[in-house]
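Enquirer: The file below is work02.txt, compact mmCIF, C-alpha atoms:
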# COMPACT_ATOMS: atom_id res chain seq x y z
CA MET T 16 12.04 39.27 15.76
CA ARG T 17 15.51 40.23 14.48
CA THR T 18 17.01 38.92 17.70
CA TRP T 19 16.24 35.30 16.66
CA GLY T 20 18.84 35.45 13.90
CA SER T 21 19.44 32.22 12.06
CA PHE T 22 16.82 30.32 14.08
CA VAL T 23 14.04 32.35 12.46
CA ALA T 24 15.34 31.55 9.00
CA LEU T 25 15.43 27.87 9.88
CA ALA T 26 11.93 27.93 11.36
CA ALA T 27 10.57 29.84 8.37
CA ALA T 28 11.93 27.21 6.02
CA LEU T 29 10.26 24.42 7.96
CA LEU T 30 6.94 26.24 8.31
CA LEU T 31 6.32 27.67 4.87
CA PRO T 32 5.54 25.69 1.74
CA ALA T 33 7.82 26.44 -1.20
CA SER T 34 5.04 28.38 -2.93
CA VAL T 35 4.87 30.99 -0.16
CA THR T 36 8.47 31.14 1.04
CA PRO T 37 9.54 34.80 1.08
CA ALA T 38 12.71 35.99 -0.58
CA ALA T 39 14.34 36.41 2.83
CA ALA T 40 14.06 32.65 3.40
CA VAL T 41 15.77 31.58 0.17
CA ARG T 42 18.67 30.34 2.27
CA ALA T 43 16.29 27.90 3.98
CA PRO T 44 17.97 24.72 5.25
CA VAL T 45 15.63 22.52 3.22
CA ARG T 46 16.34 21.38 -0.32
CA ARG T 47 13.65 20.18 -2.71
CA LEU T 48 14.55 18.09 -5.75
CA PRO T 49 13.36 17.62 -8.71
CA PRO T 50 13.97 18.72 -11.55
CA ALA T 51 15.16 15.09 -11.99
CA PRO T 52 13.11 12.32 -10.32
CA PRO T 53 14.63 12.24 -6.82
CA CYS T 54 13.80 8.62 -6.02
CA PRO T 55 14.43 6.31 -8.97
CA ASN T 56 11.92 3.51 -8.93
CA VAL T 57 10.96 0.57 -11.07
CA PRO T 58 7.29 0.47 -12.13
CA ALA T 59 5.38 -2.06 -10.07
CA PRO T 60 3.46 -4.88 -11.80
CA SER T 61 0.08 -3.86 -13.13
CA THR T 62 -1.83 -4.96 -10.04
CA ARG T 63 -5.21 -3.30 -9.81
CA PRO T 64 -6.25 -2.95 -6.15
CA PRO T 65 -9.92 -2.81 -5.15
CA GLN T 66 -9.94 0.85 -4.17
CA ALA T 67 -7.88 4.02 -4.30
CA PRO T 68 -6.06 5.45 -1.28
CA PRO T 69 -7.75 8.14 0.80
CA ALA T 70 -7.78 11.68 -0.50
CA PRO T 71 -4.71 13.65 0.60
CA ASP T 72 -5.25 15.42 3.92
CA PRO T 73 -3.20 18.65 4.13
CA ALA T 74 -3.16 18.50 7.93
CA ALA T 75 -1.93 14.89 8.02
CA ARG T 76 0.72 15.64 5.39
CA ALA T 77 2.11 18.47 7.54
CA VAL T 78 2.58 16.32 10.67
CA GLY T 79 6.22 16.58 11.68
CA GLY T 80 6.80 19.77 9.70
CA VAL T 81 5.45 21.41 6.57
CA ALA T 82 8.72 20.66 4.78
CA LEU T 83 7.73 16.98 4.87
CA ASP T 84 4.64 17.70 2.76
CA THR T 85 6.25 16.75 -0.52
CA ALA T 86 6.06 13.88 -2.98
CA GLY T 87 9.73 14.48 -3.74
CA LEU T 88 12.99 14.55 -1.85
CA VAL T 89 13.53 16.70 1.23
CA VAL T 90 17.05 16.89 2.73
CA PRO T 91 19.16 19.50 4.53
CA PRO T 92 21.06 21.79 2.13
CA ALA T 93 24.57 20.78 3.13
CA SER T 94 23.84 17.06 3.03
CA SER T 95 25.34 14.68 0.54
CA ALA T 96 23.00 13.21 -2.06
CA PRO T 97 21.13 10.18 -0.71
CA PRO T 98 21.60 6.87 -2.52
CA ALA T 99 19.36 5.91 -5.41
CA VAL T 100 16.87 3.28 -4.27
CA THR T 101 13.80 1.77 -5.87
CA ALA T 102 11.53 2.50 -2.88
CA THR T 103 8.75 4.88 -3.80
CA SER T 104 8.92 6.56 -0.37
CA TRP T 105 11.31 6.51 2.59
CA VAL T 106 12.34 8.29 5.78
CA VAL T 107 15.53 8.33 7.85
CA ALA T 108 15.09 9.52 11.45
CA ASP T 109 16.88 9.57 14.80
CA LEU T 110 15.31 7.13 17.26
CA ASP T 111 16.38 9.17 20.28
CA SER T 112 15.92 12.82 19.34
CA GLY T 113 13.08 12.24 16.89
CA ALA T 114 14.79 14.39 14.25
CA VAL T 115 13.92 13.52 10.65
CA LEU T 116 17.15 13.65 8.65
CA GLY T 117 15.54 13.33 5.25
CA GLY T 118 12.96 11.53 3.20
CA CYS T 119 11.29 10.98 -0.12
CA GLY T 120 7.51 11.39 -0.14
CA PRO T 121 7.38 10.97 3.66
CA HIS T 122 3.60 11.32 3.77
CA GLU T 123 2.70 9.51 0.55
CA TYR T 124 0.23 6.68 1.12
CA GLY T 125 1.65 3.17 0.72
CA VAL T 126 0.68 -0.40 1.52
CA PRO T 127 2.53 -1.86 4.52
CA ALA T 128 2.69 -5.65 4.06
CA SER T 129 4.31 -7.28 7.10
CA VAL T 130 5.96 -4.15 8.50
CA GLN T 131 2.46 -3.62 9.89
CA LYS T 132 3.43 -6.22 12.49
CA LEU T 133 5.35 -3.40 14.18
CA LEU T 134 2.07 -1.61 14.87
CA LEU T 135 0.76 -4.87 16.35
CA ALA T 136 3.87 -5.00 18.55
CA ALA T 137 3.56 -1.36 19.65
CA THR T 138 -0.07 -2.04 20.60
CA MET T 139 0.13 -5.46 22.24
CA LEU T 140 3.53 -5.66 23.93
CA PRO T 141 2.31 -3.59 26.92
CA ARG T 142 -0.90 -5.66 27.15
CA LEU T 143 0.36 -9.24 27.11
CA ASP T 144 2.40 -11.10 29.74
CA PRO T 145 5.25 -12.78 27.82
CA HIS T 146 5.40 -15.66 30.34
CA ARG T 147 1.73 -16.57 30.01
CA GLU T 148 1.03 -19.87 28.25
CA VAL T 149 -1.81 -19.82 25.73
CA THR T 150 -3.51 -22.20 23.31
CA VAL T 151 -3.45 -21.63 19.55
CA THR T 152 -6.86 -21.91 17.88
CA ALA T 153 -8.06 -22.90 14.44
CA GLY T 154 -8.97 -19.26 13.83
CA ASP T 155 -5.39 -18.22 14.47
CA LEU T 156 -4.26 -20.54 11.68
CA ALA T 157 -6.72 -19.07 9.15
CA VAL T 158 -4.17 -17.20 7.02
CA GLU T 159 -3.76 -16.64 3.31
CA PRO T 160 -2.56 -19.90 1.67
CA GLY T 161 1.13 -19.63 0.86
CA SER T 162 1.72 -16.68 3.17
CA SER T 163 4.39 -16.70 5.85
CA ALA T 164 3.83 -18.81 8.96
CA VAL T 165 5.89 -19.96 11.92
CA GLY T 166 4.49 -23.47 12.13
CA LEU T 167 2.32 -23.20 15.24
CA VAL T 168 -0.25 -26.00 15.54
CA GLU T 169 -3.91 -25.94 16.51
CA GLY T 170 -4.30 -26.82 20.16
CA GLY T 171 -0.62 -26.24 20.83
CA ARG T 172 0.37 -24.55 24.08
CA TYR T 173 2.98 -21.80 23.73
CA ARG T 174 4.33 -18.99 25.84
CA ILE T 175 3.42 -15.58 24.46
CA GLU T 176 7.13 -14.82 24.24
CA THR T 177 7.51 -17.71 21.77
CA ILE T 178 4.67 -16.29 19.67
CA TRP T 179 6.37 -12.86 19.63
CA LEU T 180 9.58 -14.50 18.39
CA GLY T 181 7.62 -16.29 15.69
CA LEU T 182 6.08 -12.97 14.65
CA LEU T 183 9.30 -10.95 14.50
CA LEU T 184 11.78 -13.58 13.32
CA ARG T 185 9.66 -15.46 10.77
CA SER T 186 6.86 -12.96 10.13
CA GLY T 187 4.31 -15.57 11.18
CA ASN T 188 0.83 -14.52 10.17
CA GLU T 189 -0.77 -17.08 12.50
CA ALA T 190 1.30 -15.55 15.30
CA ALA T 191 -0.14 -12.13 14.40
CA ASN T 192 -3.67 -13.50 14.52
CA ALA T 193 -3.06 -15.09 17.92
CA LEU T 194 -1.56 -11.93 19.43
CA ALA T 195 -4.38 -9.75 18.09
CA ARG T 196 -6.96 -12.17 19.52
CA LEU T 197 -5.24 -12.38 22.90
CA GLY T 198 -4.88 -8.61 23.20
CA GLY T 199 -8.22 -7.74 21.63
CA GLY T 200 -10.40 -8.31 24.66
CA PRO T 201 -13.97 -9.65 24.31
CA ASP T 202 -14.00 -8.86 20.58
CA GLY T 203 -10.97 -11.03 19.90
CA PRO T 204 -9.12 -10.36 16.62
CA ALA T 205 -11.49 -7.53 15.65
CA GLY T 206 -10.79 -5.87 18.98
CA GLY T 207 -7.08 -6.31 18.36
CA VAL T 208 -7.24 -4.54 15.02
CA ARG T 209 -9.36 -1.77 16.53
CA ALA T 210 -6.75 -1.34 19.27
CA MET T 211 -4.04 -1.10 16.60
CA ASN T 212 -5.86 1.74 14.89
CA GLU T 213 -6.39 3.51 18.20
CA GLU T 214 -2.68 3.20 18.94
CA ALA T 215 -1.77 4.54 15.50
CA HIS T 216 -3.96 7.58 16.17
CA ARG T 217 -2.38 8.11 19.60
CA LEU T 218 1.11 7.98 18.12
CA GLY T 219 0.24 10.60 15.50
CA ALA T 220 0.31 8.09 12.63
CA ARG T 221 -2.71 9.69 11.00
CA GLN T 222 -2.15 8.09 7.59
CA THR T 223 -2.15 4.55 8.99
CA HIS T 224 -5.19 2.29 8.97
CA ALA T 225 -4.97 -1.42 9.78
CA VAL T 226 -7.41 -3.97 8.42
CA THR T 227 -5.46 -7.11 9.28
CA PRO T 228 -3.09 -7.63 12.23
CA SER T 229 -0.46 -9.33 10.07
CA GLY T 230 -0.20 -6.90 7.17
CA LEU T 231 -1.88 -9.37 4.81
CA ASP T 232 -3.57 -7.07 2.31
CA GLY T 233 -7.08 -5.81 2.96
CA PRO T 234 -9.13 -3.04 1.34
CA GLY T 235 -8.47 0.29 3.00
CA GLN T 236 -5.18 -0.68 4.65
CA PHE T 237 -2.51 2.02 4.34
CA THR T 238 0.45 3.67 6.01
CA SER T 239 3.28 6.08 5.16
CA ALA T 240 7.04 6.07 5.62
CA TYR T 241 6.68 8.82 8.24
CA ASP T 242 4.04 6.88 10.17
CA LEU T 243 6.22 3.77 10.16
CA ALA T 244 9.04 5.81 11.69
CA LEU T 245 6.71 6.92 14.51
CA ILE T 246 5.66 3.32 15.12
CA ALA T 247 9.21 1.96 14.95
CA ARG T 248 10.42 4.56 17.44
CA VAL T 249 7.91 3.36 20.03
CA CYS T 250 8.82 -0.28 19.33
CA PHE T 251 12.55 0.29 19.81
CA ALA T 252 11.86 2.11 23.08
CA ASP T 253 10.53 -1.20 24.45
CA PRO T 254 13.29 -3.48 25.89
CA ALA T 255 11.34 -6.65 25.06
CA PHE T 256 10.93 -5.60 21.45
CA ARG T 257 14.64 -4.78 21.14
CA ARG T 258 15.50 -8.23 22.49
CA TYR T 259 13.09 -10.04 20.17
CA ALA T 260 14.10 -8.03 17.11
CA ALA T 261 17.81 -8.71 17.71
CA THR T 262 17.35 -12.46 18.29
CA ARG T 263 19.07 -14.53 15.60
CA THR T 264 17.58 -17.95 16.35
CA ALA T 265 14.93 -19.37 18.68
CA GLN T 266 13.35 -22.71 19.49
CA VAL T 267 9.66 -23.48 19.12
CA PRO T 268 8.83 -26.21 21.67
CA ALA T 269 7.41 -29.61 20.83
CA GLN T 270 3.68 -30.26 21.22
CA PRO T 271 3.40 -33.92 22.23
CA ALA T 272 -0.41 -33.93 22.29
CA GLN T 273 -0.41 -32.80 18.65
CA ARG T 274 2.58 -35.01 17.73
CA ALA T 275 4.50 -31.91 16.67
CA LYS T 276 8.27 -31.90 17.17
CA ALA T 277 10.31 -28.94 18.38
CA PHE T 278 12.02 -26.91 15.69
CA ALA T 279 14.31 -23.91 15.31
CA ILE T 280 13.51 -20.62 13.61
CA SER T 281 15.94 -17.94 12.42
CA ASN T 282 15.60 -14.21 11.86
CA ASP T 283 14.83 -13.30 8.24
CA ASN T 284 16.17 -9.73 8.63
CA MET T 285 19.58 -9.91 6.96
CA LEU T 286 20.55 -6.50 8.34
CA LEU T 287 21.39 -8.20 11.64
CA ASP T 288 24.19 -10.27 10.13
CA ARG T 289 25.37 -7.90 7.41
CA TYR T 290 25.29 -4.42 8.97
CA PRO T 291 27.53 -3.43 11.90
CA GLY T 292 25.51 -2.03 14.77
CA ALA T 293 22.19 -3.38 13.47
CA LEU T 294 19.41 -3.35 16.06
CA GLY T 295 16.78 -5.21 14.05
CA GLY T 296 13.62 -4.31 12.20
CA LYS T 297 11.05 -5.95 9.95
CA THR T 298 10.75 -7.06 6.36
CA GLY T 299 7.57 -7.19 4.29
CA PHE T 300 6.31 -8.19 0.87
CA THR T 301 3.01 -8.62 -0.95
CA ASP T 302 2.21 -8.49 -4.65
CA LEU T 303 0.45 -5.21 -4.01
CA ALA T 304 2.82 -3.57 -1.50
CA ARG T 305 5.98 -4.86 -3.18
CA HIS T 306 8.93 -4.82 -0.76
CA THR T 307 8.64 -2.84 2.46
CA TYR T 308 11.27 -2.52 5.16
CA VAL T 309 12.01 -1.02 8.58
CA GLY T 310 15.50 -1.26 10.04
CA ALA T 311 17.49 0.39 12.83
CA ALA T 312 21.16 0.57 13.71
CA GLU T 313 23.52 2.27 16.17
CA ARG T 314 26.80 3.93 15.34
CA GLY T 315 28.90 6.30 17.43
CA GLY T 316 26.22 6.55 20.12
CA ARG T 317 23.61 7.52 17.54
CA ARG T 318 20.56 5.35 16.74
CA LEU T 319 18.86 5.79 13.38
CA VAL T 320 15.83 4.13 11.81
CA VAL T 321 14.97 3.81 8.12
CA THR T 322 11.52 3.04 6.75
CA LEU T 323 10.74 2.38 3.10
CA LEU T 324 7.71 1.40 1.05
CA GLY T 325 7.07 0.17 -2.47
CA ALA T 326 10.57 -1.08 -3.27
CA GLU T 327 11.46 -3.34 -6.18
CA VAL T 328 14.32 -5.83 -5.99
CA THR T 329 16.56 -5.18 -8.97
CA THR T 330 20.15 -5.01 -7.73
CA GLN T 331 19.32 -4.52 -4.03
CA ARG T 332 16.92 -6.25 -1.67
CA GLY T 333 14.80 -4.22 0.72
CA TRP T 334 17.22 -4.52 3.65
CA GLN T 335 20.13 -3.50 1.39
CA GLN T 336 18.28 -0.36 0.32
CA GLY T 337 17.63 0.32 3.99
CA ALA T 338 21.33 -0.21 4.78
CA ALA T 339 22.36 2.27 2.06
CA LEU T 340 20.00 4.90 3.48
CA LEU T 341 21.28 4.25 7.01
CA ASP T 342 24.84 4.79 5.77
CA TRP T 343 23.71 8.10 4.29
CA GLY T 344 22.01 9.09 7.55
CA PHE T 345 25.04 8.32 9.70
CA ALA T 346 27.18 10.44 7.37
CA GLN T 347 25.04 13.54 8.00
CA PRO T 348 25.78 16.05 10.78
CA ARG T 349 23.87 15.54 14.01
CA ASP T 350 22.07 18.85 13.50
CA ALA T 351 20.83 17.94 10.01
CA VAL T 352 17.05 18.25 10.40
CA VAL T 353 14.12 18.65 8.01
CA GLY T 354 11.34 17.79 10.48
CA ARG T 355 10.68 15.67 13.53
CA LEU T 356 8.74 12.67 14.78
CA VAL T 357 5.85 13.92 16.89
CA GLU T 358 5.40 12.57 20.41
CA PRO T 359 2.70 10.03 21.37
CA GLY T 360 -0.48 11.94 22.20
CA GLU T 361 0.93 15.26 21.00
CA LEU T 362 -1.59 15.80 18.23
CA ASP T 363 -4.49 15.22 20.62
CA ARG T 364 -3.49 17.97 23.01
CA PRO T 365 -5.59 21.15 22.94
CA ALA T 366 -4.33 23.79 20.56
CA PRO T 367 -2.29 26.42 22.42
CA PRO T 368 -4.14 29.69 23.12
CA ALA T 369 -3.54 32.74 20.96
CA GLY T 370 -0.19 34.18 21.91
CA GLY T 371 1.16 30.76 22.95
CA ALA T 372 3.93 28.99 21.05
CA ALA T 373 2.69 26.17 18.83
CA SER T 374 5.08 23.47 17.72
CA ALA T 375 6.72 24.58 14.50
CA LEU T 376 7.33 21.02 13.43
CA ALA T 377 3.93 19.54 14.24
CA GLY T 378 2.37 21.06 11.13
CA GLN T 379 -0.60 23.39 11.08
CA ALA T 380 -1.80 25.08 14.26
CA GLY T 381 -4.98 23.01 14.28
CA LEU T 382 -2.97 19.83 14.85
CA GLY T 383 -2.32 20.75 18.45
CA GLY T 384 1.46 20.57 18.34
CA GLY T 385 3.34 20.48 21.61
CA GLY T 386 4.48 23.64 23.34
CA ALA T 387 7.82 24.40 24.88
CA ALA T 388 7.65 21.36 27.15
CA PRO T 389 6.44 18.29 25.23
CA GLY T 390 5.45 15.10 27.00
CA PRO T 391 7.75 12.16 27.77
CA ARG T 392 9.78 10.97 24.79
CA PRO T 393 10.24 7.37 23.70
CA GLY T 394 13.91 8.25 23.24
CA THR T 395 16.34 10.43 25.09
CA GLY T 396 15.04 13.89 24.18
CA VAL T 397 15.10 16.43 21.40
CA THR T 398 18.43 17.72 20.20
CA VAL T 399 19.30 21.33 21.00
CA ALA T 400 18.98 22.23 17.33
CA VAL T 401 15.45 20.85 17.05
CA GLY T 402 14.45 22.56 20.28
CA ALA T 403 15.66 25.92 18.99
CA VAL T 404 13.74 25.47 15.77
CA LEU T 405 10.60 24.50 17.67
CA THR T 406 10.68 27.66 19.80
CA ALA T 407 11.54 30.11 17.04
CA GLY T 408 9.17 28.44 14.61
CA GLY T 409 6.30 28.67 17.06
CA VAL T 410 6.65 32.45 17.24
CA LEU T 411 6.83 32.72 13.48
CA LEU T 412 3.85 30.41 12.97
CA LEU T 413 1.53 32.72 14.87
CA ALA T 414 2.35 35.57 12.54
CA ARG T 415 1.88 33.54 9.37
CA ARG T 416 -0.79 30.99 10.32
CA ARG T 417 -3.65 32.23 8.15
CA ARG T 418 -1.54 32.85 5.08
CA ASN T 419 0.11 29.43 5.34
CA ALA T 420 -3.10 27.51 5.99
CA ALA T 421 -4.46 28.38 2.58
CA ALA T 422 -1.14 27.60 0.92
CA VAL T 423 -0.80 24.21 2.60
CA ALA T 424 -4.36 23.31 1.63
CA MET T 425 -3.44 23.99 -1.99
CA SER T 426 -0.27 21.91 -1.76
CA ALA T 427 -1.95 18.51 -1.42
CA ARG T 428 -0.56 16.13 -4.00
CA PRO T 429 -2.07 12.96 -5.41
CA ALA T 430 -1.23 9.86 -3.38
CA LEU T 431 1.05 7.27 -4.94
CA ALA T 432 -0.08 3.94 -3.57
CA GLU T 433 -3.36 2.11 -3.56
CA PRO T 434 -5.13 -0.49 -1.46
CA GLU T 435 -4.63 -4.14 -1.65
CA VAL T 436 -5.06 -7.85 -2.42
CA PRO T 437 -3.68 -11.04 -0.79
CA GLU T 438 -0.05 -11.23 0.40
CA GLN T 439 2.89 -13.62 0.55
CA ASP T 440 5.33 -12.21 3.06
Show this structure as structure tokens.
Expert:
Amino acid sequence: MRTWGSFVALAAALLLPASVTPAAAVRAPVRRLPPAPPCPNVPAPSTRPPQAPPAPDPAARAVGGVALDTAGLVVPPASSAPPAVTATSWVVADLDSGAVLGGCGPHEYGVPASVQKLLLAATMLPRLDPHREVTVTAGDLAVEPGSSAVGLVEGGRYRIETIWLGLLLRSGNEAANALARLGGGPDGPAGGVRAMNEEAHRLGARQTHAVTPSGLDGPGQFTSAYDLALIARVCFADPAFRRYAATRTAQVPAQPAQRAKAFAISNDNMLLDRYPGALGGKTGFTDLARHTYVGAAERGGRRLVVTLLGAEVTTQRGWQQGAALLDWGFAQPRDAVVGRLVEPGELDRPAPPAGGAASALAGQAGLGGGGAAPGPRPGTGVTVAVGAVLTAGGVLLLARRRRNAAAVAMSARPALAEPEVPEQD
């Protein structure tokens, strides 16, 4: 074991909760703050949702690495301090390697609002032909009064590509309903939502549960900043999504039979126009969720994504808070890692046999983390640093599994968000 040198120390830090970290691992490359509140936030309005979030699941909170199981800040030790934002939870991750650079309450439950449309995109983009022309129904237009809409009309004929642009540029809730219906099979919209939840499970987003395709609030609808990063990574691996998300303006065609004129729509994600290298993303807001945001950018050949939940707009809007966190991420060394984004399907693989190397960053052994050769990545592959941690950590995990399992089970913290009510994104 001595031959692993610094890799063992790094793996030990990522595998062991703070309460059981041995003295030899004090130099662990993971920093936990408080004492002072690490993520300044403004108290949300006194909205009382219809139900509380699910009970904390120690296994789900350890997905991506035990170091991510914290309600506070987790960053590499040599990193600069991240900016103060009002978001109650956030994550910055590398879209290509899957490395998590840092986060605040990565696995705390939150309400998604319209960033949930990214889960709809991850689910339905592979299912729907963008060139197919479809008819919008009255059911598609049944959205919360006052909520965001593109302006599609009942009986109108549109290409699916146009509906995707309406979803991602203008956050159209009727567009979300139509896409869920079209991709939901015989069960229509209900089948679409079920498919979204199945996709979330496949991706490893075990704290995500969709009730509506649009992100309009519904009882029992939740996600986490970590889960959103998993979902966003799959979205940005899709060329069609990247093109839609980066589109500044688009034209919705006229519908002569409905006497509806053509009109232009523009992208409501200000990151595209205000942040060099911006790749796109998604905004969200409801009275319950407050401001939510997902944004990605490229700089120096490096692609990062930021996800944040529960933000208040005081001096900065959601996209501006995301931009500040992206700046922080790009300033960190490429080997700055506190965890990783698990691969699609990784958590459903059989647990490795005794004596095999479990993934150090997939959480507890029972989660079925990948071995030395994980499946195909949405990005370009794990960095060398993350790969070294995975191997060394797997060896260490086998020796400490039973002791850590009890400690992780005791480390569950109360969730911070709650369910929901109607939205106005």
Enquirer: Which one is closest to Asn188 (chain T): T:Pro97, T:Pro268, T:Pro228, T:Pro121? Count only C-alpha atoms.
Expert: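 Checking each of T:Pro97, T:Pro268, T:Pro228, T:Pro121 against Asn188 (chain T), counting only C-alpha atoms, the winner is T:Pro228.
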Enquirer: I want to know what sits within 8 Å of Ala86 (chain T), based on all atoms listed in the file, with residues of the same chain fewer than 2 positions away left out; could you give that as a list in words?
Expert: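 The contact residues come out as Asp84, Leu88, Cys119, Gly120, Pro121, His122, Glu123 and Arg428 of chain T.
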Enquirer: Under the rule that only C-alpha atoms are counted, which of T:Val309, T:Ala351, T:Leu294, T:Ala366 is the nearest residue to Phe256 (chain T)?
Expert: T:Leu294
Enquirer: Would you compute the distance between CA of Arg364 (chain T) and CA of Ala244 (chain T)? Give it in Å to one decimal.
Expert: 20.8 Å
Enquirer: What is the CA of Tyr124 (chain T)-CA of Gln347 (chain T) distance in Å, reported with one decimal?
Expert: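 Those two atoms sit 26.6 Å apart.
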Enquirer: Measure the distance from CA of Ala261 (chain T) to CA of Val226 (chain T) in Å and round it to one decimal.
Expert: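 Value for the CA of Ala261 (chain T)-CA of Val226 (chain T) distance: 27.3 Å.
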Enquirer: Under the rule that all atoms listed in the file are counted, which of T:Gly181, T:Pro71, T:Pro91, T:Pro141 is the nearest residue to Gly117 (chain T)?
Expert: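 Distance minimum relative to Gly117 (chain T) lands on T:Pro91.
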Enquirer: Point out the residue among T:Ala70, T:Leu135, T:Val267, T:Leu319 with the least atom-to-atom distance to Ser229 (chain T), counting all atoms listed in the file.
Expert: T:Leu135
Enquirer: My list of candidates is T:Arg318, T:Arg185, T:Arg76, T:Arg258. Which is closest to Met285 (chain T) when distances are computed with all atoms listed in the file?
Expert: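 Checking each of T:Arg318, T:Arg185, T:Arg76, T:Arg258 against Met285 (chain T), counting all atoms listed in the file, the winner is T:Arg185.
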Enquirer: Which residues are close to Ala225 (chain T), i.e. within 10 Å by all atoms listed in the file, leaving aside same-chain residues fewer than 5 positions away? Reply as JSON, numbers by chain.
Expert: {"T": [127, 131, 134, 135, 208, 209, 210, 211, 212, 213, 215, 230, 231, 232, 233, 234, 235, 236, 237, 238]}
Enquirer: Determine the nearest neighbour of Ser104 (chain T) from the options T:Leu245, T:Ala252, T:Ala164, T:Val89, counting all atoms listed in the file.
Expert: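 Closest candidate: T:Val89.
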Enquirer: Excluding Ala153 (chain T) and residues on its chain fewer than 4 positions from it, collect all residues at most 8 Å away from it, counting all atoms listed in the file, and give them as a ChimeraX atom specification.
Expert: /T:157,169-170
Enquirer: Grab the residues selected above and save them as a compact mmCIF listing (two decimals), in the coordinates of the input with C-alpha atoms.
Expert:
# COMPACT_ATOMS: atom_id res chain seq x y z
CA ALA T 157 -6.72 -19.07 9.15
CA GLU T 169 -3.91 -25.94 16.51
CA GLY T 170 -4.30 -26.82 20.16
